[in-house]
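Below: the structure, in structure tokens.
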Amino acid sequence: MSAELISGKTIGEEIRQSITQRVDKLKELGVTPGLAVVLVGNDPASHTYVTNKQKTSKKLGMHSELIEFDESISQEELLNTINRLNTDDSIHGILVQLPLPEHIEERAVIAAIDPSKDVDGFHPINAGKLMIGEEGFIPCTPFGIMKMIEKIGFDLKGKHAVVIGRSNIVGKPIGQLLLQQDATVTYCHSKTVDLPTITKQADLLVAAVGRPKMITSEHVKEGAVVIDVGINRDENNKLCGDVDFDDVKEIASAITPVPGGVGPMTITMLMANTLLSAERTLQK
Ligand SMILES: Nc1nc2c(c(=O)[nH]1)N[C@@H](CN(C=O)c1ccc(C(=O)N[C@@H](CCC(=O)O)C(=O)O)cc1)CN2
């Protein structure tokens with residue numbers, strides 16, 4: 001058996017087309033969605049991601065601002081910038097690219113963003129809203145994963161979903177979203193005993209571990225849907241996920257590739273959240 005490929009490039013493109021139409025409508029009503037991206041330091045991967053965020057937002061007709069700081073910026077200066085963006089009416093979405101340099105407290109920076117502009121969905125208010133099923137902002141990667149699951153028509157009701165990873169950005173929120181769709185959710189992590197016995201029971205397996213090709217066919221049930229959140233480099237410095245794609249594709253029913261799977265969905269859902277934030281200003 002060879003699994004169906006769940007392409008984030010294709011699904012993302014479809015979603016972006018509908019975003020463009022909604023942006024045009026909003027502009028006719030006098031609101032141009034505005035995104036501010038804050039980048040600190042010189043991490044090459046972060047640089048690529050923020051460039052893509054900027055390019056994509058502009059392509060969709062949004063207003064986009066990139067604010068770059070040297071690695072040595074103080075936390076206070078960064079917080080001042082966030083405060084300014086919080087009160088700027090042309091900005092509907094603010095994000096601070098992670099990771100931040102060690103001398104800056106990530107939690108304090110995230111908490112300083114106005115929750116109504118927190119298009120990353122990382123603010124404690126939005127994390128809490130997600131937990132109790134209230135409308136806020138859904139973090140972009142888990143949001144993208146849910147869109148992919150919806151697109152392939154996989155009904156989560158009563159299914160066993162196993163999430164490997166418990167980060168605030170991916171693992172915890174995706175578990176909550178799967179639960180909201182009536183899946184039975186199990187979280188696994190670095191201290192889980194006998195991982196394959198648990199993952200082998202999964203109808204849907206989400207791997208967000210950060211270890212190249214760690215998940216093999218030994219971890220996967222025949223016919224399972226496999227979502228790979230990892231972005232790693234293999235022994236030949238080639239981009240790969242947490243899942244050994246060539247091995248697992250033989251037994252899964254559907255699988256996301258790396259690159260071209262979950263990653264591109266993250267940026268698309270950031271655009272969706274920015275648009276949503278701008279649309280909400282008309283409801284106030
Ligand atoms: N403030 C945030 N920081 C970070 C987030 C986030 O959602 N908000 N997530 C990641 C980085 N990230 C977006 O910021 C991101 C990562 C990967 C991709 C992507 O499209 N990956 C490609 C491969 C890219 C490559 O060639 O290296 C893929 O999987 O096809 C998009 C966005 C951490 N920081």
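By convention in this document, the chains of the structure tokens carry letters A, B, ... by their order, each chain's residues are numbered from 1, and ligands are numbered from 1 in the order they are shown.
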Checklist entry - Got a sec: who's within 12 Å of Ile152 of chain A, counting only C-alpha atoms, leaving out chain neighbours fewer than 2 positions off, as number ranges by chain? => result A: 4-8, 11, 145-150, 154-156, 225-226, 253-256
Write the selection just made, keeping N, CA and C atoms, as a PDB file, in the first residue's frame?
```pdb
ATOM      1  N   GLU A   4      -1.869   8.134   0.603  1.00  0.00           N
ATOM      2  CA  GLU A   4      -2.256   9.397  -0.039  1.00  0.00           C
ATOM      3  C   GLU A   4      -1.345  10.490   0.506  1.00  0.00           C
ATOM      4  N   LEU A   5      -0.873  11.350  -0.376  1.00  0.00           N
ATOM      5  CA  LEU A   5      -0.017  12.455   0.058  1.00  0.00           C
ATOM      6  C   LEU A   5      -0.876  13.660   0.427  1.00  0.00           C
ATOM      7  N   ILE A   6      -0.689  14.163   1.640  1.00  0.00           N
ATOM      8  CA  ILE A   6      -1.453  15.353   2.059  1.00  0.00           C
ATOM      9  C   ILE A   6      -0.547  16.554   1.828  1.00  0.00           C
ATOM     10  N   SER A   7      -0.807  17.285   0.749  1.00  0.00           N
ATOM     11  CA  SER A   7       0.095  18.373   0.364  1.00  0.00           C
ATOM     12  C   SER A   7      -0.316  19.712   0.975  1.00  0.00           C
ATOM     13  N   GLY A   8       0.549  20.241   1.826  1.00  0.00           N
ATOM     14  CA  GLY A   8       0.303  21.550   2.425  1.00  0.00           C
ATOM     15  C   GLY A   8       0.396  22.653   1.378  1.00  0.00           C
ATOM     16  N   ILE A  11      -3.155  22.450  -0.470  1.00  0.00           N
ATOM     17  CA  ILE A  11      -4.268  22.854   0.413  1.00  0.00           C
ATOM     18  C   ILE A  11      -4.095  24.331   0.804  1.00  0.00           C
ATOM     19  N   ILE A 145      -2.949  21.982  10.622  1.00  0.00           N
ATOM     20  CA  ILE A 145      -3.119  20.516  10.688  1.00  0.00           C
ATOM     21  C   ILE A 145      -4.617  20.171  10.636  1.00  0.00           C
ATOM     22  N   MET A 146      -5.424  20.931  11.393  1.00  0.00           N
ATOM     23  CA  MET A 146      -6.867  20.655  11.401  1.00  0.00           C
ATOM     24  C   MET A 146      -7.469  20.849  10.000  1.00  0.00           C
ATOM     25  N   LYS A 147      -6.974  21.856   9.285  1.00  0.00           N
ATOM     26  CA  LYS A 147      -7.471  22.097   7.918  1.00  0.00           C
ATOM     27  C   LYS A 147      -7.106  20.923   7.002  1.00  0.00           C
ATOM     28  N   MET A 148      -5.909  20.367   7.211  1.00  0.00           N
ATOM     29  CA  MET A 148      -5.480  19.226   6.380  1.00  0.00           C
ATOM     30  C   MET A 148      -6.348  18.002   6.653  1.00  0.00           C
ATOM     31  N   ILE A 149      -6.650  17.785   7.940  1.00  0.00           N
ATOM     32  CA  ILE A 149      -7.475  16.629   8.328  1.00  0.00           C
ATOM     33  C   ILE A 149      -8.876  16.780   7.730  1.00  0.00           C
ATOM     34  N   GLU A 150      -9.378  18.024   7.789  1.00  0.00           N
ATOM     35  CA  GLU A 150     -10.706  18.307   7.222  1.00  0.00           C
ATOM     36  C   GLU A 150     -10.690  18.056   5.711  1.00  0.00           C
ATOM     37  N   PHE A 154     -11.273  13.178   6.885  1.00  0.00           N
ATOM     38  CA  PHE A 154     -11.094  12.207   7.981  1.00  0.00           C
ATOM     39  C   PHE A 154     -11.958  12.625   9.170  1.00  0.00           C
ATOM     40  N   ASP A 155     -12.949  11.782   9.493  1.00  0.00           N
ATOM     41  CA  ASP A 155     -13.863  12.087  10.599  1.00  0.00           C
ATOM     42  C   ASP A 155     -13.206  11.653  11.909  1.00  0.00           C
ATOM     43  N   LEU A 156     -12.992  12.627  12.801  1.00  0.00           N
ATOM     44  CA  LEU A 156     -12.233  12.341  14.036  1.00  0.00           C
ATOM     45  C   LEU A 156     -13.080  11.717  15.147  1.00  0.00           C
ATOM     46  N   VAL A 225      -3.584   7.711   9.636  1.00  0.00           N
ATOM     47  CA  VAL A 225      -3.237   8.998   9.017  1.00  0.00           C
ATOM     48  C   VAL A 225      -2.065   9.562   9.822  1.00  0.00           C
ATOM     49  N   VAL A 226      -1.011   9.972   9.121  1.00  0.00           N
ATOM     50  CA  VAL A 226       0.209  10.412   9.817  1.00  0.00           C
ATOM     51  C   VAL A 226       0.531  11.864   9.447  1.00  0.00           C
ATOM     52  N   SER A 253      -2.437   5.344   5.596  1.00  0.00           N
ATOM     53  CA  SER A 253      -3.415   5.587   4.526  1.00  0.00           C
ATOM     54  C   SER A 253      -3.207   6.980   3.930  1.00  0.00           C
ATOM     55  N   ALA A 254      -2.682   7.888   4.744  1.00  0.00           N
ATOM     56  CA  ALA A 254      -2.401   9.259   4.278  1.00  0.00           C
ATOM     57  C   ALA A 254      -1.269   9.817   5.122  1.00  0.00           C
ATOM     58  N   ILE A 255      -0.440  10.651   4.502  1.00  0.00           N
ATOM     59  CA  ILE A 255       0.753  11.152   5.211  1.00  0.00           C
ATOM     60  C   ILE A 255       1.152  12.527   4.671  1.00  0.00           C
ATOM     61  N   THR A 256       1.662  13.382   5.561  1.00  0.00           N
ATOM     62  CA  THR A 256       2.163  14.690   5.115  1.00  0.00           C
ATOM     63  C   THR A 256       3.667  14.568   4.813  1.00  0.00           C
TER      64      THR A 256
END
```
Checklist entry - Could you name the residues that touch segment 193-210 of chain A at 6 Å or less, counting only C-alpha atoms, but leaving out those on the same chain fewer than 2 positions away, as a PyMOL selection string? => result chain A and resi 160-165+219-221+224-230
Write the residues of the selection above to a file with N, CA and C atoms, as an mmCIF file, in the first residue's frame.
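Saved the output as result.cif:
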```cif
data_model
loop_
_atom_site.group_PDB
_atom_site.id
_atom_site.type_symbol
_atom_site.label_atom_id
_atom_site.label_comp_id
_atom_site.auth_asym_id
_atom_site.auth_seq_id
_atom_site.Cartn_x
_atom_site.Cartn_y
_atom_site.Cartn_z
ATOM 1 N N HIS A 160 -8.934 7.315 17.727
ATOM 2 C CA HIS A 160 -7.837 7.484 18.684
ATOM 3 C C HIS A 160 -6.733 8.319 18.021
ATOM 4 N N ALA A 161 -6.518 9.510 18.557
ATOM 5 C CA ALA A 161 -5.449 10.381 18.043
ATOM 6 C C ALA A 161 -4.301 10.384 19.046
ATOM 7 N N VAL A 162 -3.123 10.100 18.571
ATOM 8 C CA VAL A 162 -1.950 10.125 19.449
ATOM 9 C C VAL A 162 -1.048 11.280 19.009
ATOM 10 N N VAL A 163 -0.734 12.148 19.968
ATOM 11 C CA VAL A 163 0.134 13.303 19.702
ATOM 12 C C VAL A 163 1.470 13.035 20.394
ATOM 13 N N ILE A 164 2.550 13.064 19.622
ATOM 14 C CA ILE A 164 3.870 12.907 20.244
ATOM 15 C C ILE A 164 4.480 14.302 20.329
ATOM 16 N N GLY A 165 4.622 14.804 21.539
ATOM 17 C CA GLY A 165 5.118 16.163 21.761
ATOM 18 C C GLY A 165 4.139 16.935 22.615
ATOM 19 N N HIS A 219 6.084 2.108 14.511
ATOM 20 C CA HIS A 219 5.246 2.938 15.389
ATOM 21 C C HIS A 219 3.829 3.139 14.858
ATOM 22 N N VAL A 220 3.577 2.668 13.642
ATOM 23 C CA VAL A 220 2.347 3.091 12.950
ATOM 24 C C VAL A 220 1.428 1.903 12.662
ATOM 25 N N LYS A 221 0.131 2.123 12.922
ATOM 26 C CA LYS A 221 -0.881 1.100 12.618
ATOM 27 C C LYS A 221 -1.199 1.135 11.125
ATOM 28 N N ALA A 224 -3.303 4.090 9.234
ATOM 29 C CA ALA A 224 -3.367 5.326 10.039
ATOM 30 C C ALA A 224 -3.080 6.565 9.166
ATOM 31 N N VAL A 225 -3.584 7.711 9.636
ATOM 32 C CA VAL A 225 -3.237 8.998 9.017
ATOM 33 C C VAL A 225 -2.065 9.562 9.822
ATOM 34 N N VAL A 226 -1.011 9.972 9.121
ATOM 35 C CA VAL A 226 0.209 10.412 9.817
ATOM 36 C C VAL A 226 0.531 11.864 9.447
ATOM 37 N N ILE A 227 0.628 12.695 10.483
ATOM 38 C CA ILE A 227 0.930 14.125 10.300
ATOM 39 C C ILE A 227 2.305 14.393 10.897
ATOM 40 N N ASP A 228 3.200 14.892 10.045
ATOM 41 C CA ASP A 228 4.591 15.101 10.465
ATOM 42 C C ASP A 228 4.859 16.599 10.641
ATOM 43 N N VAL A 229 5.122 17.016 11.876
ATOM 44 C CA VAL A 229 5.334 18.440 12.160
ATOM 45 C C VAL A 229 6.834 18.788 12.166
ATOM 46 N N GLY A 230 7.679 17.775 12.172
ATOM 47 C CA GLY A 230 9.128 18.004 12.318
ATOM 48 C C GLY A 230 9.756 18.688 11.113
#
```
Neighbourhood of ligand 1 at 7 Å, counting only C-alpha atoms and all ligand atoms, reported as a PDB file with N, CA and C atoms, in the first residue's frame:
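Now in selection07.pdb:
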```pdb
ATOM      1  N   ALA A  45      17.153  30.532   9.613  1.00  0.00           N
ATOM      2  CA  ALA A  45      15.834  29.914   9.381  1.00  0.00           C
ATOM      3  C   ALA A  45      14.735  30.922   9.702  1.00  0.00           C
ATOM      4  N   SER A  46      14.884  31.632  10.845  1.00  0.00           N
ATOM      5  CA  SER A  46      13.874  32.634  11.215  1.00  0.00           C
ATOM      6  C   SER A  46      13.760  33.704  10.137  1.00  0.00           C
ATOM      7  N   TYR A  49      11.685  32.397   7.340  1.00  0.00           N
ATOM      8  CA  TYR A  49      10.261  32.325   7.679  1.00  0.00           C
ATOM      9  C   TYR A  49       9.606  33.714   7.651  1.00  0.00           C
ATOM     10  N   VAL A  50      10.297  34.712   8.233  1.00  0.00           N
ATOM     11  CA  VAL A  50       9.666  36.045   8.260  1.00  0.00           C
ATOM     12  C   VAL A  50       9.601  36.649   6.846  1.00  0.00           C
ATOM     13  N   LEU A  95       3.245  39.550  15.420  1.00  0.00           N
ATOM     14  CA  LEU A  95       3.917  38.320  15.843  1.00  0.00           C
ATOM     15  C   LEU A  95       5.391  38.580  16.067  1.00  0.00           C
ATOM     16  N   VAL A  96       5.927  37.920  17.064  1.00  0.00           N
ATOM     17  CA  VAL A  96       7.366  37.978  17.342  1.00  0.00           C
ATOM     18  C   VAL A  96       7.912  36.609  16.973  1.00  0.00           C
ATOM     19  N   GLN A  97       8.822  36.604  16.002  1.00  0.00           N
ATOM     20  CA  GLN A  97       9.358  35.333  15.530  1.00  0.00           C
ATOM     21  C   GLN A  97      10.161  34.644  16.637  1.00  0.00           C
ATOM     22  N   LEU A  98       9.900  33.364  16.838  1.00  0.00           N
ATOM     23  CA  LEU A  98      10.612  32.565  17.843  1.00  0.00           C
ATOM     24  C   LEU A  98      11.595  31.625  17.154  1.00  0.00           C
ATOM     25  N   PRO A  99      12.702  31.264  17.769  1.00  0.00           N
ATOM     26  CA  PRO A  99      13.086  31.594  19.149  1.00  0.00           C
ATOM     27  C   PRO A  99      13.672  32.997  19.286  1.00  0.00           C
ATOM     28  N   ASP A 120      -0.546  34.723  16.324  1.00  0.00           N
ATOM     29  CA  ASP A 120       0.141  33.444  16.558  1.00  0.00           C
ATOM     30  C   ASP A 120      -0.667  32.565  17.519  1.00  0.00           C
ATOM     31  N   PRO A 139      -3.343  28.723  17.339  1.00  0.00           N
ATOM     32  CA  PRO A 139      -1.957  28.748  16.837  1.00  0.00           C
ATOM     33  C   PRO A 139      -1.873  28.157  15.419  1.00  0.00           C
ATOM     34  N   CYS A 140      -1.038  28.783  14.596  1.00  0.00           N
ATOM     35  CA  CYS A 140      -1.081  28.537  13.145  1.00  0.00           C
ATOM     36  C   CYS A 140      -0.775  27.091  12.734  1.00  0.00           C
ATOM     37  N   THR A 141       0.215  26.464  13.366  1.00  0.00           N
ATOM     38  CA  THR A 141       0.558  25.092  12.944  1.00  0.00           C
ATOM     39  C   THR A 141      -0.585  24.118  13.271  1.00  0.00           C
ATOM     40  N   ILE A 231      10.733  19.538  11.393  1.00  0.00           N
ATOM     41  CA  ILE A 231      11.575  20.096  10.315  1.00  0.00           C
ATOM     42  C   ILE A 231      13.011  19.909  10.779  1.00  0.00           C
ATOM     43  N   LEU A 239      16.601  18.174   4.199  1.00  0.00           N
ATOM     44  CA  LEU A 239      15.426  18.450   5.040  1.00  0.00           C
ATOM     45  C   LEU A 239      14.590  17.185   5.226  1.00  0.00           C
ATOM     46  N   VAL A 258       7.612  16.171   4.222  1.00  0.00           N
ATOM     47  CA  VAL A 258       8.477  17.276   4.681  1.00  0.00           C
ATOM     48  C   VAL A 258       9.647  17.348   3.703  1.00  0.00           C
ATOM     49  N   PRO A 259       9.842  18.445   3.001  1.00  0.00           N
ATOM     50  CA  PRO A 259       9.060  19.684   3.050  1.00  0.00           C
ATOM     51  C   PRO A 259       7.724  19.558   2.290  1.00  0.00           C
ATOM     52  N   GLY A 260       6.924  20.622   2.383  1.00  0.00           N
ATOM     53  CA  GLY A 260       5.702  20.705   1.578  1.00  0.00           C
ATOM     54  C   GLY A 260       4.453  20.189   2.276  1.00  0.00           C
ATOM     55  N   GLY A 261       4.559  19.929   3.575  1.00  0.00           N
ATOM     56  CA  GLY A 261       3.390  19.435   4.314  1.00  0.00           C
ATOM     57  C   GLY A 261       2.856  20.476   5.271  1.00  0.00           C
ATOM     58  N   VAL A 262       3.092  20.232   6.566  1.00  0.00           N
ATOM     59  CA  VAL A 262       2.561  21.116   7.608  1.00  0.00           C
ATOM     60  C   VAL A 262       3.183  22.523   7.529  1.00  0.00           C
ATOM     61  N   GLY A 263       4.474  22.606   7.221  1.00  0.00           N
ATOM     62  CA  GLY A 263       5.201  23.897   7.210  1.00  0.00           C
ATOM     63  C   GLY A 263       4.477  24.986   6.432  1.00  0.00           C
ATOM     64  N   PRO A 264       4.190  24.751   5.136  1.00  0.00           N
ATOM     65  CA  PRO A 264       3.515  25.808   4.363  1.00  0.00           C
ATOM     66  C   PRO A 264       2.143  26.187   4.924  1.00  0.00           C
ATOM     67  N   THR A 266       1.438  26.542   8.035  1.00  0.00           N
ATOM     68  CA  THR A 266       1.648  27.457   9.170  1.00  0.00           C
ATOM     69  C   THR A 266       1.533  28.903   8.696  1.00  0.00           C
ATOM     70  N   ILE A 267       2.186  29.207   7.587  1.00  0.00           N
ATOM     71  CA  ILE A 267       2.171  30.589   7.084  1.00  0.00           C
ATOM     72  C   ILE A 267       0.786  30.946   6.533  1.00  0.00           C
TER      73      ILE A 267
END
```
Residues within 8 Å of Leu35 of chain A, please, as a PDB file with N, CA and C atoms, in the first residue's frame. Count only C-alpha atoms; anything in the same chain fewer than 4 positions from it doesn't count.
```
ATOM      1  N   SER A  57       1.908  37.835   2.834  1.00  0.00           N
ATOM      2  CA  SER A  57       0.892  38.826   3.218  1.00  0.00           C
ATOM      3  C   SER A  57       0.737  39.887   2.125  1.00  0.00           C
ATOM      4  N   MET A  62      -2.377  42.359   1.735  1.00  0.00           N
ATOM      5  CA  MET A  62      -2.359  42.920   3.092  1.00  0.00           C
ATOM      6  C   MET A  62      -1.250  43.972   3.228  1.00  0.00           C
ATOM      7  N   HIS A  63      -1.375  44.779   4.271  1.00  0.00           N
ATOM      8  CA  HIS A  63      -0.295  45.693   4.636  1.00  0.00           C
ATOM      9  C   HIS A  63       0.652  44.915   5.554  1.00  0.00           C
ATOM     10  N   SER A  64       1.950  45.068   5.302  1.00  0.00           N
ATOM     11  CA  SER A  64       2.891  44.256   6.065  1.00  0.00           C
ATOM     12  C   SER A  64       4.077  45.097   6.540  1.00  0.00           C
ATOM     13  N   GLU A  65       4.437  44.891   7.798  1.00  0.00           N
ATOM     14  CA  GLU A  65       5.579  45.643   8.364  1.00  0.00           C
ATOM     15  C   GLU A  65       6.558  44.663   8.970  1.00  0.00           C
ATOM     16  N   ILE A  91      -2.448  48.075  12.219  1.00  0.00           N
ATOM     17  CA  ILE A  91      -1.915  46.722  12.481  1.00  0.00           C
ATOM     18  C   ILE A  91      -2.976  45.879  13.191  1.00  0.00           C
ATOM     19  N   HIS A  92      -3.335  44.756  12.542  1.00  0.00           N
ATOM     20  CA  HIS A  92      -4.340  43.855  13.125  1.00  0.00           C
ATOM     21  C   HIS A  92      -3.700  42.588  13.695  1.00  0.00           C
ATOM     22  N   GLY A  93      -2.479  42.302  13.233  1.00  0.00           N
ATOM     23  CA  GLY A  93      -1.785  41.107  13.713  1.00  0.00           C
ATOM     24  C   GLY A  93      -0.344  41.426  14.071  1.00  0.00           C
ATOM     25  N   ILE A  94       0.073  40.953  15.257  1.00  0.00           N
ATOM     26  CA  ILE A  94       1.476  41.160  15.675  1.00  0.00           C
ATOM     27  C   ILE A  94       2.059  39.788  15.962  1.00  0.00           C
ATOM     28  N   LEU A  95       3.245  39.550  15.420  1.00  0.00           N
ATOM     29  CA  LEU A  95       3.917  38.320  15.843  1.00  0.00           C
ATOM     30  C   LEU A  95       5.391  38.580  16.067  1.00  0.00           C
ATOM     31  N   THR A 274      -4.739  36.766  10.576  1.00  0.00           N
ATOM     32  CA  THR A 274      -4.603  38.219  10.407  1.00  0.00           C
ATOM     33  C   THR A 274      -5.872  38.792   9.779  1.00  0.00           C
TER      34      THR A 274
END
```
Item to check | Selection: 12 Å around Arg22 of chain A, only C-alpha atoms, excl. self and same-chain fewer than 5 positions, as number ranges by chain | outcome: A: 15-17, 27-29, 31-33, 60-62, 271-272, 274-276, 278-279
Any chance you can output those residues with C-alpha atoms as a PDB file, in the first residue's frame?
```
ATOM      1  CA  ILE A  15      -7.068  28.566   1.351  1.00  0.00           C
ATOM      2  CA  ARG A  16      -4.971  31.544   0.224  1.00  0.00           C
ATOM      3  CA  GLN A  17      -7.239  32.025  -2.810  1.00  0.00           C
ATOM      4  CA  LYS A  27     -10.644  46.651   1.536  1.00  0.00           C
ATOM      5  CA  GLU A  28     -13.847  47.759  -0.184  1.00  0.00           C
ATOM      6  CA  LEU A  29     -15.183  48.423   3.316  1.00  0.00           C
ATOM      7  CA  VAL A  31     -10.069  48.055   6.126  1.00  0.00           C
ATOM      8  CA  THR A  32      -6.715  46.724   4.904  1.00  0.00           C
ATOM      9  CA  PRO A  33      -5.507  43.829   7.079  1.00  0.00           C
ATOM     10  CA  LEU A  60      -2.662  38.514  -0.555  1.00  0.00           C
ATOM     11  CA  GLY A  61      -3.113  42.302  -0.581  1.00  0.00           C
ATOM     12  CA  MET A  62      -2.359  42.920   3.092  1.00  0.00           C
ATOM     13  CA  MET A 271      -2.702  34.961   7.002  1.00  0.00           C
ATOM     14  CA  ALA A 272      -6.120  33.531   7.918  1.00  0.00           C
ATOM     15  CA  THR A 274      -4.603  38.219  10.407  1.00  0.00           C
ATOM     16  CA  LEU A 275      -7.619  38.498   8.131  1.00  0.00           C
ATOM     17  CA  LEU A 276      -9.912  37.293  10.937  1.00  0.00           C
ATOM     18  CA  ALA A 278      -9.103  42.669  10.706  1.00  0.00           C
ATOM     19  CA  GLU A 279     -12.652  41.398  10.061  1.00  0.00           C
TER      20      GLU A 279
END
```
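Atom to atom, atom CA of Ile251 of chain A and atom CA of Gly223 of chain A stand 6.1 Å apart.
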Item to check | Picked from segment 87-277 of chain A by DSSP as helix (DSSP H, G or I), as an MDAnalysis selection string | outcome: chainID A and resid 106:112 115:117 124:132 140:151 171:180 195:199 217:219 245:248 262:277
Next on the checklist: I need the residues in segment 85-270 of chain A that are strand (DSSP E) according to DSSP; give them as a VMD selection string.
Outcome noted: chain A and resid 93 to 96 160 to 164 184 to 188 204 to 207 225 to 228 232 to 233 239 to 240 254 to 255
Restricting the output to N, CA and C atoms, write the selected residues as a compact mmCIF listing (two decimals), in the first residue's frame.
```
# COMPACT_ATOMS: atom_id res chain seq x y z
N GLY A 93 -2.48 42.30 13.23
CA GLY A 93 -1.78 41.11 13.71
C GLY A 93 -0.34 41.43 14.07
N ILE A 94 0.07 40.95 15.26
CA ILE A 94 1.48 41.16 15.68
C ILE A 94 2.06 39.79 15.96
N LEU A 95 3.24 39.55 15.42
CA LEU A 95 3.92 38.32 15.84
C LEU A 95 5.39 38.58 16.07
N VAL A 96 5.93 37.92 17.06
CA VAL A 96 7.37 37.98 17.34
C VAL A 96 7.91 36.61 16.97
N HIS A 160 -8.93 7.32 17.73
CA HIS A 160 -7.84 7.48 18.68
C HIS A 160 -6.73 8.32 18.02
N ALA A 161 -6.52 9.51 18.56
CA ALA A 161 -5.45 10.38 18.04
C ALA A 161 -4.30 10.38 19.05
N VAL A 162 -3.12 10.10 18.57
CA VAL A 162 -1.95 10.13 19.45
C VAL A 162 -1.05 11.28 19.01
N VAL A 163 -0.73 12.15 19.97
CA VAL A 163 0.13 13.30 19.70
C VAL A 163 1.47 13.03 20.39
N ILE A 164 2.55 13.06 19.62
CA ILE A 164 3.87 12.91 20.24
C ILE A 164 4.48 14.30 20.33
N THR A 184 -10.45 10.66 20.74
CA THR A 184 -9.89 10.26 22.03
C THR A 184 -8.39 10.53 21.91
N VAL A 185 -7.89 11.42 22.77
CA VAL A 185 -6.52 11.91 22.57
C VAL A 185 -5.55 11.37 23.62
N THR A 186 -4.42 10.87 23.14
CA THR A 186 -3.32 10.47 24.03
C THR A 186 -2.11 11.33 23.70
N TYR A 187 -1.50 11.89 24.75
CA TYR A 187 -0.24 12.63 24.55
C TYR A 187 0.93 11.72 24.91
N CYS A 188 1.94 11.69 24.05
CA CYS A 188 3.20 11.01 24.38
C CYS A 188 4.30 12.05 24.39
N LEU A 204 -4.95 8.32 14.12
CA LEU A 204 -4.28 9.53 13.63
C LEU A 204 -3.05 9.76 14.50
N LEU A 205 -1.92 9.89 13.86
CA LEU A 205 -0.67 10.08 14.61
C LEU A 205 -0.07 11.43 14.23
N VAL A 206 0.16 12.28 15.24
CA VAL A 206 0.80 13.58 15.00
C VAL A 206 2.18 13.53 15.64
N ALA A 207 3.21 13.70 14.83
CA ALA A 207 4.58 13.65 15.35
C ALA A 207 5.17 15.06 15.41
N VAL A 225 -3.58 7.71 9.64
CA VAL A 225 -3.24 9.00 9.02
C VAL A 225 -2.06 9.56 9.82
N VAL A 226 -1.01 9.97 9.12
CA VAL A 226 0.21 10.41 9.82
C VAL A 226 0.53 11.86 9.45
N ILE A 227 0.63 12.70 10.48
CA ILE A 227 0.93 14.13 10.30
C ILE A 227 2.31 14.39 10.90
N ASP A 228 3.20 14.89 10.04
CA ASP A 228 4.59 15.10 10.47
C ASP A 228 4.86 16.60 10.64
N ASN A 232 13.67 18.90 10.24
CA ASN A 232 15.02 18.54 10.68
C ASN A 232 15.93 18.38 9.47
N ARG A 233 17.19 18.16 9.75
CA ARG A 233 18.15 17.81 8.68
C ARG A 233 18.61 16.38 8.93
N LEU A 239 16.60 18.17 4.20
CA LEU A 239 15.43 18.45 5.04
C LEU A 239 14.59 17.19 5.23
N CYS A 240 14.21 16.89 6.45
CA CYS A 240 13.34 15.73 6.69
C CYS A 240 12.48 15.98 7.92
N ALA A 254 -2.68 7.89 4.74
CA ALA A 254 -2.40 9.26 4.28
C ALA A 254 -1.27 9.82 5.12
N ILE A 255 -0.44 10.65 4.50
CA ILE A 255 0.75 11.15 5.21
C ILE A 255 1.15 12.53 4.67
```
